[in-house]
Amino acid sequence: MGSSTWTTSCYNAVLTSRGFDTTDAILKCSTSTQEVFSSTHMKETMNVRDKVRECCETEEHPNTIPIIIGLDVTGSMNNACKSCLAGINDTIVKLYENYKDIEIAVAGIGDFVYDNSPFQLSQFESDVRIADNLFDIFVENGGGSNIWESYTAAWYAGLHHTRLDCWDRGQKGIIITMGDELLNPVLPKQAIQQVFGDVEQDDVDTQELYDKICEKYEVYHISITDKSTYFRRADKIDNSWGQVIGDHYKKSTCEDLSKTICEIVDDAIGNVSNSEEISW
């Protein structure tokens, strides 16, 4: 998928259609998460079970750069979700200044053990439908008593449930997840069958999954450090992520989230270009 191009005027029209004043930030204290993300269940358009999300090259976008942006939608991450949506126009406008063929899929990440809808993934899009998909994420406000969320579901989806035309040019996509917990050690095989419709013989080990997904995507994670999150276990969180993804582990406040995402995309594209001798 992916056609047409993002414009600020179209984004403002989406805000107006959803009852928001374009002169005000979405992330205002008086606006609750439920007012912004009004879905009360996972929409079928976000259900990736037995489906494949395609990042297709077109005459308008002949050199696609697929990006999956995964939001932790558990209770402590409400402000970060709103920040991502509030800054999405600035983020995409800035990215398009340098990379006109970016296509973005958005994901909602919860907990495979405790949540009813622990993973959601949209189609890849290049225009204002990215914002529509963000608004449509079901913010379940779940999570549980463990010390991680199922962040690697985005890796699993990228590996098994996406088709990238850029592969014909030998280029990788980019996965950026964000959250405030440790990296989960496994994805339970029973939950994988429920969420994705796939049959795995064993639970999917995180290190093994990372080694595989890195063949297809540049993988990054952002820990959100605001006081409203669960980033109290900073040292343990840093170690958990750093041991697996190294310097692709980043930290950001909600206020700097848009800037951090843009810096990651610059870094990821630089890594691909340098290692593969490919020009985007």
# chains A, B, ... in the order shown; residues from 1 in each chain; ligands from 1

$ select_by_dssp --residues "range 221-254 of chain A" --states "strand (DSSP E or B)" --output "PDB file with N, CA and C atoms, in the first residue's frame"
ATOM      1  N   HIS A 221      14.535   1.109  19.748  1.00  0.00           N
ATOM      2  CA  HIS A 221      13.549   1.260  20.821  1.00  0.00           C
ATOM      3  C   HIS A 221      13.825   2.553  21.573  1.00  0.00           C
ATOM      4  N   ILE A 222      12.732   3.244  21.931  1.00  0.00           N
ATOM      5  CA  ILE A 222      12.822   4.482  22.717  1.00  0.00           C
ATOM      6  C   ILE A 222      12.185   4.234  24.078  1.00  0.00           C
ATOM      7  N   SER A 223      12.952   4.419  25.155  1.00  0.00           N
ATOM      8  CA  SER A 223      12.372   4.421  26.493  1.00  0.00           C
ATOM      9  C   SER A 223      11.899   5.826  26.825  1.00  0.00           C
ATOM     10  N   ILE A 224      10.632   5.942  27.206  1.00  0.00           N
ATOM     11  CA  ILE A 224      10.056   7.239  27.562  1.00  0.00           C
ATOM     12  C   ILE A 224      10.323   7.491  29.047  1.00  0.00           C
ATOM     13  N   TYR A 249      19.268   1.499  21.170  1.00  0.00           N
ATOM     14  CA  TYR A 249      18.408   1.815  22.315  1.00  0.00           C
ATOM     15  C   TYR A 249      18.553   3.295  22.638  1.00  0.00           C
ATOM     16  N   LYS A 250      17.423   4.021  22.641  1.00  0.00           N
ATOM     17  CA  LYS A 250      17.424   5.455  22.869  1.00  0.00           C
ATOM     18  C   LYS A 250      16.498   5.806  24.030  1.00  0.00           C
ATOM     19  N   LYS A 251      16.644   7.013  24.551  1.00  0.00           N
ATOM     20  CA  LYS A 251      15.759   7.519  25.598  1.00  0.00           C
ATOM     21  C   LYS A 251      15.258   8.897  25.198  1.00  0.00           C
ATOM     22  N   SER A 252      14.024   9.205  25.600  1.00  0.00           N
ATOM     23  CA  SER A 252      13.421  10.484  25.216  1.00  0.00           C
ATOM     24  C   SER A 252      12.315  10.855  26.190  1.00  0.00           C
TER      25      SER A 252
END

$ residues_around --residues "range 150-164 of chain A" --least-positions-apart "4" --cutoff "6 Å" --atoms "only C-alpha atoms" --output "MDAnalysis selection string"
chainID A and resid 52:55 110:112 184 213

$ select_by_dssp --residues "range 51-187 of chain A" --states "helix (DSSP H, G or I)" --output "JSON, numbers by chain"
{"A": [75, 76, 77, 78, 79, 80, 81, 82, 83, 84, 85, 86, 88, 89, 90, 91, 92, 93, 94, 95, 96, 97, 98, 129, 130, 131, 132, 133, 134, 135, 136, 153, 154, 155, 156, 157, 158, 159, 160, 165, 166, 167, 168, 169]}

$ residues_around --residues "Leu187 in chain A" --least-positions-apart "2" --cutoff "7 Å" --atoms "only C-alpha atoms" --output "ChimeraX atom specification"
/A:189,192,203-205

$ write_last_selection --atoms "all heavy atoms" --output "PDB file, in the first residue's frame"
ATOM      1  N   LYS A 189       4.034 -18.954  22.564  1.00  0.00           N
ATOM      2  CA  LYS A 189       3.543 -19.542  21.318  1.00  0.00           C
ATOM      3  C   LYS A 189       2.017 -19.537  21.240  1.00  0.00           C
ATOM      4  O   LYS A 189       1.445 -19.362  20.156  1.00  0.00           O
ATOM      5  CB  LYS A 189       4.075 -20.958  21.151  1.00  0.00           C
ATOM      6  CG  LYS A 189       3.659 -21.950  22.229  1.00  0.00           C
ATOM      7  CD  LYS A 189       4.254 -23.329  21.973  1.00  0.00           C
ATOM      8  CE  LYS A 189       3.805 -24.336  23.023  1.00  0.00           C
ATOM      9  NZ  LYS A 189       4.384 -25.677  22.777  1.00  0.00           N
ATOM     10  N   ILE A 192       0.953 -16.091  20.189  1.00  0.00           N
ATOM     11  CA  ILE A 192       1.291 -15.872  18.782  1.00  0.00           C
ATOM     12  C   ILE A 192       0.206 -16.452  17.881  1.00  0.00           C
ATOM     13  O   ILE A 192      -0.212 -15.820  16.900  1.00  0.00           O
ATOM     14  CB  ILE A 192       2.663 -16.488  18.450  1.00  0.00           C
ATOM     15  CG1 ILE A 192       3.779 -15.653  19.077  1.00  0.00           C
ATOM     16  CG2 ILE A 192       2.864 -16.595  16.939  1.00  0.00           C
ATOM     17  CD1 ILE A 192       5.152 -16.260  18.939  1.00  0.00           C
ATOM     18  N   ASP A 203       7.897 -21.196  22.355  1.00  0.00           N
ATOM     19  CA  ASP A 203       7.896 -19.752  22.563  1.00  0.00           C
ATOM     20  C   ASP A 203       9.032 -19.143  21.746  1.00  0.00           C
ATOM     21  O   ASP A 203      10.091 -19.767  21.548  1.00  0.00           O
ATOM     22  CB  ASP A 203       8.101 -19.419  24.046  1.00  0.00           C
ATOM     23  CG  ASP A 203       6.955 -19.898  24.927  1.00  0.00           C
ATOM     24  OD1 ASP A 203       5.880 -20.227  24.376  1.00  0.00           O
ATOM     25  OD2 ASP A 203       7.144 -19.948  26.157  1.00  0.00           O
ATOM     26  N   VAL A 204       8.829 -17.923  21.265  1.00  0.00           N
ATOM     27  CA  VAL A 204       9.827 -17.274  20.405  1.00  0.00           C
ATOM     28  C   VAL A 204      10.787 -16.464  21.256  1.00  0.00           C
ATOM     29  O   VAL A 204      10.401 -15.476  21.894  1.00  0.00           O
ATOM     30  CB  VAL A 204       9.144 -16.383  19.350  1.00  0.00           C
ATOM     31  CG1 VAL A 204      10.194 -15.622  18.544  1.00  0.00           C
ATOM     32  CG2 VAL A 204       8.287 -17.244  18.418  1.00  0.00           C
ATOM     33  N   ASP A 205      12.038 -16.894  21.290  1.00  0.00           N
ATOM     34  CA  ASP A 205      13.079 -16.250  22.087  1.00  0.00           C
ATOM     35  C   ASP A 205      13.452 -14.891  21.502  1.00  0.00           C
ATOM     36  O   ASP A 205      13.600 -14.742  20.284  1.00  0.00           O
ATOM     37  CB  ASP A 205      14.314 -17.157  22.125  1.00  0.00           C
ATOM     38  CG  ASP A 205      15.478 -16.526  22.864  1.00  0.00           C
ATOM     39  OD1 ASP A 205      15.455 -16.500  24.108  1.00  0.00           O
ATOM     40  OD2 ASP A 205      16.410 -16.048  22.169  1.00  0.00           O
TER      41      ASP A 205
END

$ residues_around --residues "Met42 in chain A" --least-positions-apart "6" --cutoff "12 Å" --atoms "only C-alpha atoms" --output "list in words"
Val48, Arg49, Val73, Ala107, Gly108, Ile109, Gly110, Asp115, Asn116, Ser117, Pro118, Phe119, Gln120, Leu121, Ser122, Asn133, Phe135, Asp136, Ile137, Phe138, Val139, Glu140 and Val195 of chain A

$ write_last_selection --atoms "N, CA, C and O atoms" --output "mmCIF file, in the first residue's frame"
data_model
loop_
_atom_site.group_PDB
_atom_site.id
_atom_site.type_symbol
_atom_site.label_atom_id
_atom_site.label_comp_id
_atom_site.auth_asym_id
_atom_site.auth_seq_id
_atom_site.Cartn_x
_atom_site.Cartn_y
_atom_site.Cartn_z
ATOM 1 N N VAL A 48 -4.040 -7.843 12.591
ATOM 2 C CA VAL A 48 -3.055 -8.404 11.669
ATOM 3 C C VAL A 48 -3.128 -9.932 11.595
ATOM 4 O O VAL A 48 -2.342 -10.552 10.865
ATOM 5 N N ARG A 49 -4.070 -10.541 12.291
ATOM 6 C CA ARG A 49 -4.186 -11.998 12.264
ATOM 7 C C ARG A 49 -4.448 -12.490 10.836
ATOM 8 O O ARG A 49 -5.381 -12.026 10.168
ATOM 9 N N VAL A 73 0.665 0.840 24.472
ATOM 10 C CA VAL A 73 -0.664 1.389 24.765
ATOM 11 C C VAL A 73 -1.178 0.928 26.128
ATOM 12 O O VAL A 73 -2.375 0.917 26.379
ATOM 13 N N ALA A 107 1.623 0.777 15.080
ATOM 14 C CA ALA A 107 1.274 -0.407 15.856
ATOM 15 C C ALA A 107 0.923 -0.013 17.281
ATOM 16 O O ALA A 107 1.487 0.938 17.830
ATOM 17 N N GLY A 108 -0.006 -0.756 17.873
ATOM 18 C CA GLY A 108 -0.323 -0.640 19.282
ATOM 19 C C GLY A 108 0.173 -1.891 19.986
ATOM 20 O O GLY A 108 -0.169 -3.011 19.587
ATOM 21 N N ILE A 109 0.999 -1.705 21.016
ATOM 22 C CA ILE A 109 1.639 -2.834 21.691
ATOM 23 C C ILE A 109 1.166 -2.906 23.138
ATOM 24 O O ILE A 109 1.247 -1.921 23.881
ATOM 25 N N GLY A 110 0.673 -4.080 23.518
ATOM 26 C CA GLY A 110 0.269 -4.319 24.895
ATOM 27 C C GLY A 110 1.023 -5.494 25.478
ATOM 28 O O GLY A 110 2.218 -5.660 25.235
ATOM 29 N N ASP A 115 -3.522 -8.796 28.143
ATOM 30 C CA ASP A 115 -4.433 -7.926 27.401
ATOM 31 C C ASP A 115 -5.297 -8.685 26.407
ATOM 32 O O ASP A 115 -4.914 -9.731 25.884
ATOM 33 N N ASN A 116 -6.472 -8.120 26.132
ATOM 34 C CA ASN A 116 -7.377 -8.705 25.150
ATOM 35 C C ASN A 116 -6.924 -8.443 23.722
ATOM 36 O O ASN A 116 -7.137 -9.258 22.832
ATOM 37 N N SER A 117 -6.336 -7.284 23.493
ATOM 38 C CA SER A 117 -5.848 -6.903 22.156
ATOM 39 C C SER A 117 -4.394 -6.474 22.285
ATOM 40 O O SER A 117 -4.072 -5.278 22.239
ATOM 41 N N PRO A 118 -3.476 -7.426 22.443
ATOM 42 C CA PRO A 118 -2.098 -7.080 22.781
ATOM 43 C C PRO A 118 -1.253 -6.561 21.630
ATOM 44 O O PRO A 118 -0.168 -6.051 21.857
ATOM 45 N N PHE A 119 -1.750 -6.694 20.373
ATOM 46 C CA PHE A 119 -0.985 -6.150 19.257
ATOM 47 C C PHE A 119 -1.916 -5.757 18.131
ATOM 48 O O PHE A 119 -2.808 -6.521 17.748
ATOM 49 N N GLN A 120 -1.685 -4.561 17.603
ATOM 50 C CA GLN A 120 -2.453 -4.021 16.483
ATOM 51 C C GLN A 120 -1.461 -3.447 15.476
ATOM 52 O O GLN A 120 -0.448 -2.861 15.861
ATOM 53 N N LEU A 121 -1.760 -3.586 14.192
ATOM 54 C CA LEU A 121 -0.865 -3.054 13.167
ATOM 55 C C LEU A 121 -1.668 -2.572 11.965
ATOM 56 O O LEU A 121 -2.469 -3.313 11.406
ATOM 57 N N SER A 122 -1.409 -1.343 11.565
ATOM 58 C CA SER A 122 -2.096 -0.762 10.407
ATOM 59 C C SER A 122 -1.385 -1.149 9.122
ATOM 60 O O SER A 122 -0.307 -1.752 9.126
ATOM 61 N N ASN A 133 -4.905 6.274 11.232
ATOM 62 C CA ASN A 133 -4.545 5.007 11.857
ATOM 63 C C ASN A 133 -4.115 5.193 13.301
ATOM 64 O O ASN A 133 -4.432 4.367 14.169
ATOM 65 N N PHE A 135 -5.174 7.617 15.336
ATOM 66 C CA PHE A 135 -6.403 7.873 16.079
ATOM 67 C C PHE A 135 -7.177 6.580 16.334
ATOM 68 O O PHE A 135 -7.858 6.442 17.360
ATOM 69 N N ASP A 136 -7.077 5.624 15.404
ATOM 70 C CA ASP A 136 -7.881 4.399 15.487
ATOM 71 C C ASP A 136 -7.277 3.334 16.400
ATOM 72 O O ASP A 136 -7.919 2.309 16.648
ATOM 73 N N ILE A 137 -6.066 3.550 16.895
ATOM 74 C CA ILE A 137 -5.474 2.567 17.809
ATOM 75 C C ILE A 137 -6.329 2.448 19.065
ATOM 76 O O ILE A 137 -6.768 3.442 19.649
ATOM 77 N N PHE A 138 -6.588 1.216 19.457
ATOM 78 C CA PHE A 138 -7.305 0.936 20.700
ATOM 79 C C PHE A 138 -6.302 1.002 21.853
ATOM 80 O O PHE A 138 -5.432 0.152 21.976
ATOM 81 N N VAL A 139 -6.403 2.049 22.667
ATOM 82 C CA VAL A 139 -5.536 2.197 23.835
ATOM 83 C C VAL A 139 -6.205 1.447 24.980
ATOM 84 O O VAL A 139 -7.077 1.966 25.675
ATOM 85 N N GLU A 140 -5.783 0.220 25.177
ATOM 86 C CA GLU A 140 -6.470 -0.678 26.106
ATOM 87 C C GLU A 140 -6.196 -0.325 27.564
ATOM 88 O O GLU A 140 -6.968 -0.689 28.458
ATOM 89 N N VAL A 195 -2.905 -14.112 18.251
ATOM 90 C CA VAL A 195 -2.764 -12.760 17.705
ATOM 91 C C VAL A 195 -2.475 -12.774 16.206
ATOM 92 O O VAL A 195 -3.049 -11.992 15.448
#

$ closest_residue --among "A:Ser17, A:Asn79, A:Thr260, A:Ser4" --to "Thr91 in chain A" --atoms "only C-alpha atoms"
A:Thr260

$ closest_residue --among "A:Lys51, A:Lys100, A:Lys82, A:His41" --to "Ser258 in chain A" --atoms "only C-alpha atoms"
A:Lys82

$ closest_residue --among "A:Asn141, A:Ile88, A:Val14, A:Leu209" --to "Thr40 in chain A" --atoms "only C-alpha atoms"
A:Asn141

$ atom_distance --atom1 "CA of Cys81 in chain A" --atom2 "CA of Ser240 in chain A"
22.4 Å

$ atom_distance --atom1 "CA of Val186 in chain A" --atom2 "CA of Gln207 in chain A"
8.7 Å

$ residues_around --residues "Thr74 in chain A" --least-positions-apart "2" --cutoff "6 Å" --atoms "only C-alpha atoms" --output "VMD selection string"
chain A and resid 72 76 to 77 110 141 to 143

$ residues_around --residues "Leu15 in chain A" --least-positions-apart "5" --cutoff "10 Å" --atoms "only C-alpha atoms" --output "list of chain:residue names"
A:Ser9, A:Cys10, A:Phe20, A:Asp21, A:Thr22, A:Ile26, A:Ala131, A:Asp132, A:Phe135

$ closest_residue --among "A:Arg169, A:Arg129, A:Arg18, A:His61" --to "Val36 in chain A" --atoms "only C-alpha atoms"
A:Arg18

$ closest_atom_pairs --of "range 140-186 of chain A" --to "range 102-106 of chain A" --cutoff "10 Å" --atoms "only C-alpha atoms" --output "Markdown table"
| residue | atom | partner | partner_atom | distance |
| --- | --- | --- | --- | --- |
| A:Ala154 | CA | A:Val106 | CA | 9.8 |
| A:Gly173 | CA | A:Glu103 | CA | 9.7 |
| A:Ile174 | CA | A:Ile104 | CA | 9.5 |
| A:Ile175 | CA | A:Ala105 | CA | 9.5 |
| A:Ile176 | CA | A:Val106 | CA | 9.7 |
| A:Thr177 | CA | A:Val106 | CA | 9.8 |
